[in-house]
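Here the structure is laid out as structure tokens; the discussion comes afterwards.
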Amino acid sequence: MDLFTLKNKIIIVTGASGLLGREHVKAILIAGGTPILLDLNQNVIDKQVEELKLIYKTEIGGYAVDITKEEQVKVNCLELMKKYGKIDGLVNNAANNPKVEESEEVNFSRLENFSVETWTKDLDVALKGTFLCLKYYGFQISNNIEGGSIVNISSDLGLIAPDQRLYYKAGLKESLQPVKPITYSVVKTGVIGLTKYISTYWAEKNVRCNAICPGGVENNQTSDFVEKLIERIPMRRMAKQNEYQGVLIFLLSSASSYINGAIISADGGRTAW
Ligand SMILES: NC(=O)c1ccc[n+]([C@@H]2O[C@H](COP(=O)([O-])OP(=O)(O)OC[C@H]3O[C@@H](n4cnc5c(N)ncnc54)[C@H](O)[C@@H]3O)[C@@H](O)[C@H]2O)c1
């Protein structure tokens with residue numbers, strides 16, 4: 001199992017307090033690594049770190065860093081280098097997870113009503129934020145003698161268009177029908193572009209960069225939605241929340257030492273159809 005160990009590896013996770021971020025952090029701990037949690041709320045992060053330390057009894061870092069703010073990323077990167085002396089891995093996970101809006105009056109998720117402000121906010125977190133993390137943390141990984149691994153979290157919706165029929169609500173007129181917003185497709189496809197770029201940029205320094213394209217995760221969705229969704233998934237179910245831990249450990253560890261620039265679907269086969 002040494003192939004999969006993350007022992008002595010300092011690995012940053014963005015959006016670490018979110019639904020999947022928490023699972024990524026646990027995966028790193030299970031494999032013996034040192035996760036550095038980045039998210040927006042220091043109190044939430046501190047509580048999370050405290051709870052994890054009780055279970056895993058190991059070093060864990062946690063910082064409030066808004067990844068869309070260059071100065072914050074820069075300062076945090078300096079602090080991490082001072083404290084740990086190196087960075088081995090980065091999981092670019094943070095993104096706005098746009099809720100599919102249901103409204104009685106105007107539906108702001110629909111393209112014809114979608115604001116430039118929301119467009120900018122969504123692109124800022126997932127694309128500008130990832131770019132800034134690559135610029136600072138990624139660069140430090142490229143200075144690491146052993147190189148390292150960068151994993152970007154895209155989505156099945158980075159590979160296929162959202163099927164808006166999944167969100168259809170009977171009785172609502174077309175102008176109010178809920179939809180997955182356009183920015184989700186844009187940022188999740190953009191993350192794949194970033195992955196390919198980085199996979200060649202520092203490859204000679206042994207920095208690998210791969211993307212995971214997860215399918216939808218069980219999170220108290222309505223049974224009506226789940227029934228429609230699983231019709232489109234060959235395995236006929238959504239993912240469990242901890243079901244991406246294995247692929248993450250694999251991509252961060254030397255078990256995947258020759259895997260670079262790969263866009264890995266983890267979606268129960270949804271994008272095979
Ligand atoms: N949940 C799913 O079903 C699913 C499916 C496929 C892909 N994904 C992807 O997985 C990733 C995580 O999704 P999730 O469901 O855990 O989302 P989530 O909304 O639960 O978590 C996102 C986290 O990012 C943080 N964040 C937002 N803006 C930030 C910023 N500027 N700086 C730092 N942190 C910031 C939020 O505070 C939050 O904790 C996303 O990239 C999402 O697109 C999720």
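Each chain of the structure tokens is named A, B, ... in the order shown, its residues numbered from 1; ligands are numbered from 1 in display order.
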
(message) How would you report the residues lying within 9 Å of ligand 1, as a ChimeraX atom specification, if you count only C-alpha atoms and all ligand atoms?
(response) /A:14-23,38-41,64-69,92-98,121-122,124-126,129,152-158,184,187-188,212-219,238-239,241,267

(request) For A:Val247, please output as a VMD selection string all residues within 12 Å (counting only C-alpha atoms; exclusion window: fewer than 2 positions along the same chain). (result) chain A and resid 4 23 to 24 27 to 28 31 151 to 153 210 to 214 242 to 245 249 to 253 255 to 256 263 to 267

(request) For A:Glu101, work out the shell of residues within 10 Å, counting only C-alpha atoms and skipping chain neighbours fewer than 6 positions away, then give it as an MDAnalysis selection string. (result) chainID A and resid 107:110 167 176:181

(message) Which residues are near A:Gly138? Cut-off 10 Å, only C-alpha atoms, ignore same chain within fewer than 5 positions. Put them as a PyMOL selection string.
(response) chain A and resi 77+87-90+130-133+143-144+147-150+198+202+207+209

(message) With DSSP run on the backbone, what are the strand (DSSP E) residues within stretch 30-268 of chain A? I'd like them as an MDAnalysis selection string.
(response) chainID A and resid 34:39 61:64 89:92 148:153 207:214 263:266

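Taking atom CA of A:Met81 as the reference point, atom CA of A:Ile45 is found at 20.0 Å.
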
(message) Taking only C-alpha atoms into account, name the residue in A:Thr271, A:Ser142, A:Gln42, A:Thr195 that is nearest to A:Pro234.
(response) A:Thr271

(message) With only C-alpha atoms as the counted atoms, please give the residues lying no more than 8 Å from A:Met235, apart from itself and same-chain residues fewer than 3 positions off, as a ChimeraX atom specification.
(response) /A:230,268-269

Serialized selection, N, CA, C and O atoms, as a short mmCIF file (atom, residue, chain, number, x, y, z; two decimals), in the first residue's frame:
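Printed below is part.cif as written:
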```cif
data_model
loop_
_atom_site.label_atom_id
_atom_site.label_comp_id
_atom_site.auth_asym_id
_atom_site.auth_seq_id
_atom_site.Cartn_x
_atom_site.Cartn_y
_atom_site.Cartn_z
N ILE A 230 -31.22 9.19 -12.10
CA ILE A 230 -30.62 7.86 -12.18
C ILE A 230 -31.02 7.11 -13.46
O ILE A 230 -30.35 6.17 -13.87
N GLY A 268 -20.47 7.03 -12.32
CA GLY A 268 -21.35 5.87 -12.45
C GLY A 268 -21.66 5.53 -13.91
O GLY A 268 -22.54 4.73 -14.19
N GLY A 269 -20.90 6.14 -14.82
CA GLY A 269 -21.08 5.85 -16.25
C GLY A 269 -21.94 6.88 -16.98
O GLY A 269 -22.22 6.73 -18.17
#
```

(message) So that I can see what lies close to A:Leu37, please list as a ChimeraX atom specification the residues with an atom at most 6 Å from it, counting only C-alpha atoms and leaving out residues fewer than 2 positions away in the same chain.
(response) /A:13,16,61-62

(request) Skip A:Glu59 itself and residues of its chain fewer than 3 positions away, then list as a list in words all residues within 12 Å of it, counting only C-alpha atoms. (result)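 Near neighbours after the sequence-gap exclusion: Lys7, Asn8, Lys9, Ile10, Ile11, Ile28, Leu29, Gly32, Gly33, Thr34, Pro35, Ile36, Leu37, Val49, Glu50, Leu52, Lys53, Leu54, Ile55, Tyr56, Gly62, Lys83 and Tyr84 of chain A.
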
Can I get the selected residues back with N, CA, C and O atoms, as a PDB file, in the first residue's frame?
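Written file, selection_2.pdb:
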```
ATOM      1  N   LYS A   7       2.129  10.102   3.189  1.00  0.00           N
ATOM      2  CA  LYS A   7       2.919  10.439   4.382  1.00  0.00           C
ATOM      3  C   LYS A   7       3.896  11.560   4.052  1.00  0.00           C
ATOM      4  O   LYS A   7       4.531  11.544   2.986  1.00  0.00           O
ATOM      5  N   ASN A   8       4.012  12.526   4.948  1.00  0.00           N
ATOM      6  CA  ASN A   8       4.921  13.694   4.796  1.00  0.00           C
ATOM      7  C   ASN A   8       4.545  14.611   3.634  1.00  0.00           C
ATOM      8  O   ASN A   8       5.359  15.431   3.216  1.00  0.00           O
ATOM      9  N   LYS A   9       3.362  14.449   3.107  1.00  0.00           N
ATOM     10  CA  LYS A   9       2.932  15.320   1.989  1.00  0.00           C
ATOM     11  C   LYS A   9       2.035  16.439   2.523  1.00  0.00           C
ATOM     12  O   LYS A   9       1.051  16.185   3.228  1.00  0.00           O
ATOM     13  N   ILE A  10       2.380  17.651   2.145  1.00  0.00           N
ATOM     14  CA  ILE A  10       1.597  18.837   2.523  1.00  0.00           C
ATOM     15  C   ILE A  10       0.668  19.137   1.348  1.00  0.00           C
ATOM     16  O   ILE A  10       1.138  19.469   0.248  1.00  0.00           O
ATOM     17  N   ILE A  11      -0.635  19.006   1.593  1.00  0.00           N
ATOM     18  CA  ILE A  11      -1.586  19.093   0.470  1.00  0.00           C
ATOM     19  C   ILE A  11      -2.712  20.089   0.781  1.00  0.00           C
ATOM     20  O   ILE A  11      -3.439  19.933   1.765  1.00  0.00           O
ATOM     21  N   ILE A  28      -7.137  12.625   2.437  1.00  0.00           N
ATOM     22  CA  ILE A  28      -5.703  12.922   2.625  1.00  0.00           C
ATOM     23  C   ILE A  28      -5.242  12.391   3.986  1.00  0.00           C
ATOM     24  O   ILE A  28      -4.173  11.788   4.114  1.00  0.00           O
ATOM     25  N   LEU A  29      -6.089  12.556   4.997  1.00  0.00           N
ATOM     26  CA  LEU A  29      -5.739  12.073   6.340  1.00  0.00           C
ATOM     27  C   LEU A  29      -5.690  10.546   6.372  1.00  0.00           C
ATOM     28  O   LEU A  29      -4.778   9.957   6.954  1.00  0.00           O
ATOM     29  N   GLY A  32      -2.546   9.306   5.287  1.00  0.00           N
ATOM     30  CA  GLY A  32      -1.375   9.683   6.096  1.00  0.00           C
ATOM     31  C   GLY A  32      -0.785  11.044   5.782  1.00  0.00           C
ATOM     32  O   GLY A  32       0.302  11.377   6.254  1.00  0.00           O
ATOM     33  N   GLY A  33      -1.469  11.847   4.946  1.00  0.00           N
ATOM     34  CA  GLY A  33      -0.935  13.153   4.558  1.00  0.00           C
ATOM     35  C   GLY A  33      -1.315  14.263   5.525  1.00  0.00           C
ATOM     36  O   GLY A  33      -2.070  14.050   6.482  1.00  0.00           O
ATOM     37  N   THR A  34      -0.770  15.445   5.263  1.00  0.00           N
ATOM     38  CA  THR A  34      -1.083  16.639   6.055  1.00  0.00           C
ATOM     39  C   THR A  34      -1.925  17.584   5.210  1.00  0.00           C
ATOM     40  O   THR A  34      -1.407  18.233   4.296  1.00  0.00           O
ATOM     41  N   PRO A  35      -3.234  17.641   5.480  1.00  0.00           N
ATOM     42  CA  PRO A  35      -4.074  18.539   4.678  1.00  0.00           C
ATOM     43  C   PRO A  35      -4.005  19.975   5.201  1.00  0.00           C
ATOM     44  O   PRO A  35      -3.933  20.200   6.405  1.00  0.00           O
ATOM     45  N   ILE A  36      -4.043  20.910   4.288  1.00  0.00           N
ATOM     46  CA  ILE A  36      -4.149  22.330   4.628  1.00  0.00           C
ATOM     47  C   ILE A  36      -5.497  22.785   4.103  1.00  0.00           C
ATOM     48  O   ILE A  36      -5.724  22.825   2.883  1.00  0.00           O
ATOM     49  N   LEU A  37      -6.398  23.123   5.024  1.00  0.00           N
ATOM     50  CA  LEU A  37      -7.767  23.476   4.636  1.00  0.00           C
ATOM     51  C   LEU A  37      -7.858  24.972   4.341  1.00  0.00           C
ATOM     52  O   LEU A  37      -7.498  25.795   5.184  1.00  0.00           O
ATOM     53  N   VAL A  49     -11.070  21.498  11.938  1.00  0.00           N
ATOM     54  CA  VAL A  49      -9.696  21.035  12.233  1.00  0.00           C
ATOM     55  C   VAL A  49      -9.659  20.372  13.608  1.00  0.00           C
ATOM     56  O   VAL A  49      -9.073  19.294  13.783  1.00  0.00           O
ATOM     57  N   GLU A  50     -10.329  21.024  14.559  1.00  0.00           N
ATOM     58  CA  GLU A  50     -10.353  20.484  15.930  1.00  0.00           C
ATOM     59  C   GLU A  50     -10.952  19.076  15.942  1.00  0.00           C
ATOM     60  O   GLU A  50     -10.392  18.151  16.535  1.00  0.00           O
ATOM     61  N   LEU A  52     -11.209  16.944  13.479  1.00  0.00           N
ATOM     62  CA  LEU A  52     -10.371  15.990  12.751  1.00  0.00           C
ATOM     63  C   LEU A  52      -9.128  15.611  13.551  1.00  0.00           C
ATOM     64  O   LEU A  52      -8.688  14.465  13.524  1.00  0.00           O
ATOM     65  N   LYS A  53      -8.588  16.583  14.294  1.00  0.00           N
ATOM     66  CA  LYS A  53      -7.382  16.293  15.089  1.00  0.00           C
ATOM     67  C   LYS A  53      -7.677  15.250  16.166  1.00  0.00           C
ATOM     68  O   LYS A  53      -6.835  14.420  16.482  1.00  0.00           O
ATOM     69  N   LEU A  54      -8.913  15.297  16.711  1.00  0.00           N
ATOM     70  CA  LEU A  54      -9.295  14.318  17.736  1.00  0.00           C
ATOM     71  C   LEU A  54      -9.284  12.905  17.148  1.00  0.00           C
ATOM     72  O   LEU A  54      -8.924  11.942  17.798  1.00  0.00           O
ATOM     73  N   ILE A  55      -9.696  12.806  15.905  1.00  0.00           N
ATOM     74  CA  ILE A  55      -9.787  11.482  15.272  1.00  0.00           C
ATOM     75  C   ILE A  55      -8.425  11.036  14.733  1.00  0.00           C
ATOM     76  O   ILE A  55      -7.991   9.919  14.958  1.00  0.00           O
ATOM     77  N   TYR A  56      -7.752  11.930  14.010  1.00  0.00           N
ATOM     78  CA  TYR A  56      -6.546  11.499  13.279  1.00  0.00           C
ATOM     79  C   TYR A  56      -5.238  11.790  14.009  1.00  0.00           C
ATOM     80  O   TYR A  56      -4.186  11.288  13.623  1.00  0.00           O
ATOM     81  N   GLY A  62      -5.342  25.013   8.801  1.00  0.00           N
ATOM     82  CA  GLY A  62      -6.637  25.548   8.364  1.00  0.00           C
ATOM     83  C   GLY A  62      -6.643  27.064   8.327  1.00  0.00           C
ATOM     84  O   GLY A  62      -6.349  27.699   9.334  1.00  0.00           O
ATOM     85  N   LYS A  83       6.143  27.875   7.319  1.00  0.00           N
ATOM     86  CA  LYS A  83       5.810  26.862   8.327  1.00  0.00           C
ATOM     87  C   LYS A  83       6.230  25.443   7.917  1.00  0.00           C
ATOM     88  O   LYS A  83       6.745  24.681   8.726  1.00  0.00           O
ATOM     89  N   TYR A  84       5.953  25.088   6.660  1.00  0.00           N
ATOM     90  CA  TYR A  84       6.166  23.694   6.261  1.00  0.00           C
ATOM     91  C   TYR A  84       7.389  23.499   5.346  1.00  0.00           C
ATOM     92  O   TYR A  84       7.843  22.384   5.149  1.00  0.00           O
TER      93      TYR A  84
END
```

(message) Counting only C-alpha atoms, which residue out of A:Leu80, A:Leu134, A:Ala272, A:Ile12 sits closest to A:Ile160?
(response)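 Comparing A:Leu80, A:Leu134, A:Ala272, A:Ile12 against A:Ile160, the winner is A:Ala272.
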
(message) Just the number, please: distance in Å from atom CA of A:Asp2 to atom CA of A:Ile259, one decimal.
(response) 17.3 Å

(message) Please return, as number ranges by chain, all residues of stretch 87-137 of chain A that DSSP assigns to helix (DSSP H, G or I) on the basis of the backbone.
(response) A: 111-113, 116-137

(message) Quick check, in Å to one decimal: how far apart do atom CA of A:Glu51 and atom CA of A:Tyr63 lie?
(response) 15.3 Å
